[in-house]
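Each remark here refers to the structure printed beneath this line.
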Amino acid sequence: MNRIFNEKYECMNKRDKFDLQSERLRDVVQRVYCNVPWYRRKMEDVGIKPDDIKDINDIVKLPFTEKKDLRENYPFGSFALPNKNIVRVHASSGTSGKLTVVGYTKHDLANWAECCARGLYGVGVDEESIIHIAYGYGLFTGGLGIHYGGEYLGAMVVPVSSGNTPRQIMLLEDFKADTICCTPSYAIFLSEEAKKIGKDPRQFALKYGFFGAEPWTEEMRNKIEKAYLIKAYDIYGLSEITGPGVATECFYQCGSHVQDDMFYPEIINPESGLQLSYGEEGELVFTTLLKEGMPLIRYRTRDVGSITDEICKCGRTSVRLRKITGRYDDMIIVKGVNVFPSQIETALLNCDERVTSNFRVVLDRVNNLDIMDIEIELATGVAFDEVREIEKLTAKVASTVASEIGVTCNIKLISSGKLLTKEGEKIKRVLDNRNNK
Amino acid sequence: MLVNQIAVFLENRSGRICEFAKVLKDANINIQTMNIADTAEYGILRAITSDNQKAIQVLKENGFNTAASDLIGFKVADKPGEMYKVLRMFEDENINISYLYSYAEIGSKQACILLKVDCPETAIKLLTKNNVEGI
């Protein structure tokens, strides 16, 4: 089903959209300039004042915001309003040690819910629907983001959260949800697990699935659609900008519609920082046009993507995001969780003197689930004469690393110097074998 | 009664044991005992050589994680019930054995036992008191 939740904004003509975005940009720049000292300094450094921003095309005059800016101002230094106005925080992985924190006002939460509601409603979900949410709930934005989008529509929301697959299968069967939201790899895993216990996922009442939080391919889409006999839609988002729902596919599944009345996307050349044209591939950058709690100007996502402004068959005029194909930094996504190798390094530096911080991450996909092995070199001269000593050490390292990155991993100790090339250089830190499967 | 041993950390990868033996051969070091404990992921090679200090040095140079540790070594008569006698002593004194290996030359009247316990001083006292012959 193809339908529109908020015709005024989703189908606004180009001229009006330009005016709206320009007005909202002027406003957000003013707010950030007045209330976020570190961004104000950035503007002063390049000699830009809020008055220099006349319309949305002037956005290129504004300095970028990067993840390191947020880290340096941890935890609440990027908020544009006092804590009394903030009603919720979420957080995602930082590059080392500290999390990246985001704060929301009541309005921010309502706008975010509308973003998700637009995506859900646009393909057929409404107040008659039952939405099974198997994204994790908590600091991660996945679960609660779609949760409030579903409630905003008046649907019945089942906040299962992640894990406990047998219970997920039971609830899908008993509650007869017509919509499921989770990571695409978990959707595949869930269908395989259901088959193992003699349940045919095609017999669930599901009609729609919204999948995101990790990159996925058309092959995975076909697999999911076949396994459940549903339509599988891509939902894009990142906590810094708001969370899931920043862009969602419509019925025609030809790129995710950016809610560009609220989030202004740009594609830039990651080296020069210059804005690229529609259709060109580069780094995706977002400016939050409406956010109050933590508005961000030209936030560099490090995601590789491209956008198009061609009008979609669905009737929406919003720009569309092509599927994200990779990253400009070394961030990896494991089981839907963002992981930076530098976090692993931080954990290893403070863990145990018998292990070094020379490591390599080896990612694989077994039974459609991500498996993360971390090979770690032992310190020189360290050896064990008892097996239990090795077991104790790997268990200690595994729990230290897992609590730093928020996802479980297998620790494989290796001899000193094994992670160097023959020329004595460090080998690549991440070996990702998941796409070879 | 204390016998010095080297322990070598091995990833489970074919060829590693052979590499170990080659390093010692090239340094003209004789291997007197050798034993391997394995798990799914790792192996621990334990050996006593003609020159442990030198062995550790050449193994380190060749990229092996190697360390020394002390075992308790003693001899028992090579006949039924002798092992039981000693193990029973340990059991009665609540001394926990982490691992043990033994060797007996064919035709010899005595067998050598090497073991690791969590309280070596107590174990040595116990063996000495019971007139067990140390190595």
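Following the order of the structure tokens, chains are lettered A, B, ..., residues in each are numbered from 1, and ligands are numbered from 1.
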Note to self: Using only C-alpha atoms, which protein or nucleic acid residues come within 9 Å of Phe64 in chain A? Drop anything in the same chain fewer than 4 positions from it, and give the result as a ChimeraX atom specification.
What the structure shows: /A:42,273,285,297-300
Next item on the list: May I ask you to extract the residues of chain B within 7 Å of chain A, using only C-alpha atoms, and to give them as a ChimeraX atom specification?
Entry: /B:7-9,11,44,46,63-67
Would you put the residues from that selection into a file with N, CA and C atoms, as a short mmCIF file (atom, residue, chain, number, x, y, z; two decimals), in the first residue's frame?
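And here's result.cif as it stands now:
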```cif
data_model
loop_
_atom_site.label_atom_id
_atom_site.label_comp_id
_atom_site.auth_asym_id
_atom_site.auth_seq_id
_atom_site.Cartn_x
_atom_site.Cartn_y
_atom_site.Cartn_z
N ALA B 7 57.62 -23.91 29.37
CA ALA B 7 56.27 -24.04 28.80
C ALA B 7 56.21 -23.12 27.58
N VAL B 8 55.67 -23.61 26.49
CA VAL B 8 55.61 -22.85 25.25
C VAL B 8 54.14 -22.72 24.83
N PHE B 9 53.75 -21.49 24.51
CA PHE B 9 52.38 -21.24 24.07
C PHE B 9 52.28 -21.49 22.56
N GLU B 11 49.60 -21.60 19.19
CA GLU B 11 48.27 -21.51 18.58
C GLU B 11 48.04 -22.85 17.90
N ILE B 44 49.58 -26.19 24.85
CA ILE B 44 50.67 -25.81 25.74
C ILE B 44 51.69 -26.93 25.66
N ARG B 46 55.01 -28.54 27.05
CA ARG B 46 55.89 -28.51 28.23
C ARG B 46 57.07 -29.41 27.95
N GLY B 63 60.19 -16.23 18.04
CA GLY B 63 58.78 -15.88 18.09
C GLY B 63 57.89 -16.81 18.90
N PHE B 64 58.48 -17.60 19.80
CA PHE B 64 57.66 -18.44 20.67
C PHE B 64 57.52 -17.77 22.03
N ASN B 65 56.28 -17.74 22.54
CA ASN B 65 56.09 -17.26 23.90
C ASN B 65 56.45 -18.39 24.85
N THR B 66 57.50 -18.19 25.61
CA THR B 66 58.05 -19.27 26.42
C THR B 66 58.34 -18.78 27.82
N ALA B 67 58.06 -19.61 28.84
CA ALA B 67 58.39 -19.25 30.22
C ALA B 67 58.82 -20.50 30.96
#
```
Item checked: Residues flagged strand (DSSP E or B) by DSSP in range 18-89 of chain B, as JSON, numbers by chain -> {"B": [31, 32, 33, 34, 35, 36, 37, 38, 42, 43, 44, 45, 46, 47, 48, 49, 65, 66, 67, 68, 69, 70, 71, 72, 73, 74, 75, 76, 77]}
Item checked: Close residues, range 358-370 of chain A itself excluded, 8 Å, only C-alpha atoms, min 2 positions apart in chain, as a list in words -> Ser185, Tyr186, Ile188, Phe189, Val334, Lys335, Pro341, Glu345, Thr356, Met372, Asp373, Ile374, Glu375, Ile376, Glu377, Leu419, Ile427, Lys428, Arg429, Val430, Leu431, Asp432, Asn433, Arg434 and Lys437 of chain A
Taking 4 positions as the minimum chain separation for residues in the same chain, which residues sit within 10 Å of range 25-35 of chain A when counting only C-alpha atoms? Answer as a compact mmCIF listing (two decimals) with N, CA, C and O atoms, in the first residue's frame.
```txt
# COMPACT_ATOMS: atom_id res chain seq x y z
N ASP A 19 12.13 27.27 1.09
CA ASP A 19 11.84 28.33 2.05
C ASP A 19 11.81 27.80 3.48
O ASP A 19 12.33 28.41 4.40
N LEU A 20 11.17 26.63 3.61
CA LEU A 20 11.03 26.03 4.95
C LEU A 20 12.41 25.67 5.51
O LEU A 20 12.75 25.97 6.65
N GLN A 21 13.21 24.99 4.66
CA GLN A 21 14.54 24.59 5.12
C GLN A 21 15.40 25.81 5.44
O GLN A 21 16.15 25.81 6.42
N TYR A 39 30.58 25.31 19.33
CA TYR A 39 30.22 25.51 17.92
C TYR A 39 30.32 27.00 17.56
O TYR A 39 30.72 27.36 16.45
N ARG A 40 29.97 27.84 18.53
CA ARG A 40 30.11 29.28 18.29
C ARG A 40 31.57 29.61 17.95
O ARG A 40 31.86 30.37 17.02
N ARG A 41 32.53 29.00 18.71
CA ARG A 41 33.95 29.22 18.44
C ARG A 41 34.32 28.77 17.03
O ARG A 41 35.07 29.43 16.33
N LYS A 42 33.75 27.62 16.63
CA LYS A 42 34.02 27.13 15.27
C LYS A 42 33.58 28.16 14.23
O LYS A 42 34.28 28.40 13.25
N MET A 43 32.41 28.75 14.47
CA MET A 43 31.91 29.75 13.52
C MET A 43 32.79 31.00 13.53
O MET A 43 33.12 31.55 12.48
N GLU A 44 33.19 31.39 14.74
CA GLU A 44 34.06 32.57 14.85
C GLU A 44 35.40 32.33 14.15
O GLU A 44 35.94 33.22 13.49
N LYS A 49 28.89 34.58 10.95
CA LYS A 49 27.89 34.97 11.94
C LYS A 49 26.53 34.44 11.49
O LYS A 49 26.33 34.23 10.28
N PRO A 50 25.62 34.21 12.43
CA PRO A 50 24.29 33.69 12.03
C PRO A 50 23.66 34.52 10.90
O PRO A 50 22.99 33.96 10.03
N ASP A 51 23.89 35.83 10.90
CA ASP A 51 23.28 36.68 9.88
C ASP A 51 23.79 36.38 8.47
O ASP A 51 23.17 36.78 7.48
N ASP A 52 24.94 35.72 8.39
CA ASP A 52 25.48 35.39 7.06
C ASP A 52 24.70 34.26 6.40
O ASP A 52 24.88 33.97 5.22
N ILE A 53 23.88 33.58 7.18
CA ILE A 53 23.11 32.46 6.65
C ILE A 53 21.73 32.97 6.23
O ILE A 53 20.87 33.25 7.06
N LYS A 54 21.58 33.12 4.90
CA LYS A 54 20.31 33.68 4.40
C LYS A 54 19.36 32.57 3.95
O LYS A 54 18.17 32.61 4.21
N ASP A 55 19.90 31.58 3.25
CA ASP A 55 19.03 30.48 2.83
C ASP A 55 19.80 29.16 2.91
O ASP A 55 20.97 29.15 3.28
N ILE A 56 19.13 28.09 2.57
CA ILE A 56 19.70 26.75 2.79
C ILE A 56 21.00 26.55 2.00
O ILE A 56 21.86 25.79 2.44
N ASN A 57 21.15 27.24 0.87
CA ASN A 57 22.39 27.08 0.11
C ASN A 57 23.61 27.63 0.84
O ASN A 57 24.74 27.26 0.53
N ASP A 58 23.35 28.53 1.80
CA ASP A 58 24.47 29.09 2.58
C ASP A 58 25.03 28.08 3.58
O ASP A 58 26.02 28.37 4.27
N ILE A 59 24.42 26.92 3.65
CA ILE A 59 24.86 25.91 4.62
C ILE A 59 26.34 25.56 4.41
O ILE A 59 27.05 25.24 5.36
N LEU A 62 29.06 26.94 6.66
CA LEU A 62 29.13 26.57 8.07
C LEU A 62 30.15 25.45 8.30
O LEU A 62 30.29 24.55 7.48
N GLY A 77 27.90 18.71 27.06
CA GLY A 77 28.39 19.99 26.57
C GLY A 77 27.93 20.38 25.18
O GLY A 77 28.20 21.49 24.72
N SER A 78 27.21 19.48 24.49
CA SER A 78 26.70 19.84 23.16
C SER A 78 25.21 20.16 23.20
O SER A 78 24.61 20.43 22.17
N PHE A 79 24.63 20.11 24.40
CA PHE A 79 23.20 20.43 24.51
C PHE A 79 23.02 21.94 24.33
O PHE A 79 23.83 22.73 24.83
N ALA A 80 21.94 22.29 23.63
CA ALA A 80 21.68 23.71 23.39
C ALA A 80 20.66 24.26 24.38
O ALA A 80 20.28 25.42 24.30
N LEU A 81 20.21 23.40 25.29
CA LEU A 81 19.25 23.84 26.30
C LEU A 81 19.68 23.30 27.65
O LEU A 81 20.39 22.29 27.72
N PRO A 82 19.25 23.96 28.74
CA PRO A 82 19.60 23.44 30.08
C PRO A 82 18.98 22.06 30.31
O PRO A 82 17.98 21.71 29.69
N MET A 262 13.06 18.06 8.42
CA MET A 262 13.68 18.06 9.76
C MET A 262 15.19 17.85 9.71
O MET A 262 15.90 18.32 10.58
N PHE A 263 15.65 17.09 8.72
CA PHE A 263 17.08 16.79 8.64
C PHE A 263 17.57 17.10 7.23
O PHE A 263 17.07 16.52 6.26
N TYR A 264 18.51 18.00 7.11
CA TYR A 264 18.97 18.39 5.80
C TYR A 264 20.22 17.59 5.44
O TYR A 264 21.26 17.69 6.10
N THR A 287 22.29 18.02 8.86
CA THR A 287 22.02 19.14 9.75
C THR A 287 20.61 18.95 10.30
O THR A 287 19.67 18.71 9.54
N THR A 288 20.48 19.02 11.63
CA THR A 288 19.14 18.87 12.22
C THR A 288 18.47 20.23 12.18
O THR A 288 18.95 21.17 12.80
N LEU A 289 17.37 20.33 11.45
CA LEU A 289 16.74 21.64 11.27
C LEU A 289 15.81 22.01 12.41
O LEU A 289 15.55 23.18 12.65
N LEU A 290 15.29 20.99 13.11
CA LEU A 290 14.28 21.28 14.13
C LEU A 290 14.73 20.95 15.55
O LEU A 290 14.10 21.38 16.50
N LYS A 291 15.75 20.12 15.68
CA LYS A 291 16.12 19.62 17.01
C LYS A 291 16.40 20.76 17.99
O LYS A 291 17.07 21.74 17.64
N GLU A 292 15.92 20.59 19.23
CA GLU A 292 16.10 21.62 20.26
C GLU A 292 17.19 21.21 21.26
O GLU A 292 18.03 22.00 21.64
N MET A 294 19.73 18.83 21.23
CA MET A 294 21.11 18.79 20.74
C MET A 294 21.13 18.94 19.23
O MET A 294 21.36 17.99 18.50
N PRO A 295 20.90 20.17 18.76
CA PRO A 295 20.95 20.38 17.31
C PRO A 295 22.39 20.25 16.81
O PRO A 295 23.31 20.65 17.52
N LEU A 296 22.56 19.65 15.67
CA LEU A 296 23.91 19.52 15.11
C LEU A 296 23.95 20.13 13.73
O LEU A 296 23.04 19.93 12.92
N ILE A 297 25.00 20.90 13.47
CA ILE A 297 25.17 21.54 12.18
C ILE A 297 26.18 20.75 11.36
O ILE A 297 27.31 20.56 11.79
```
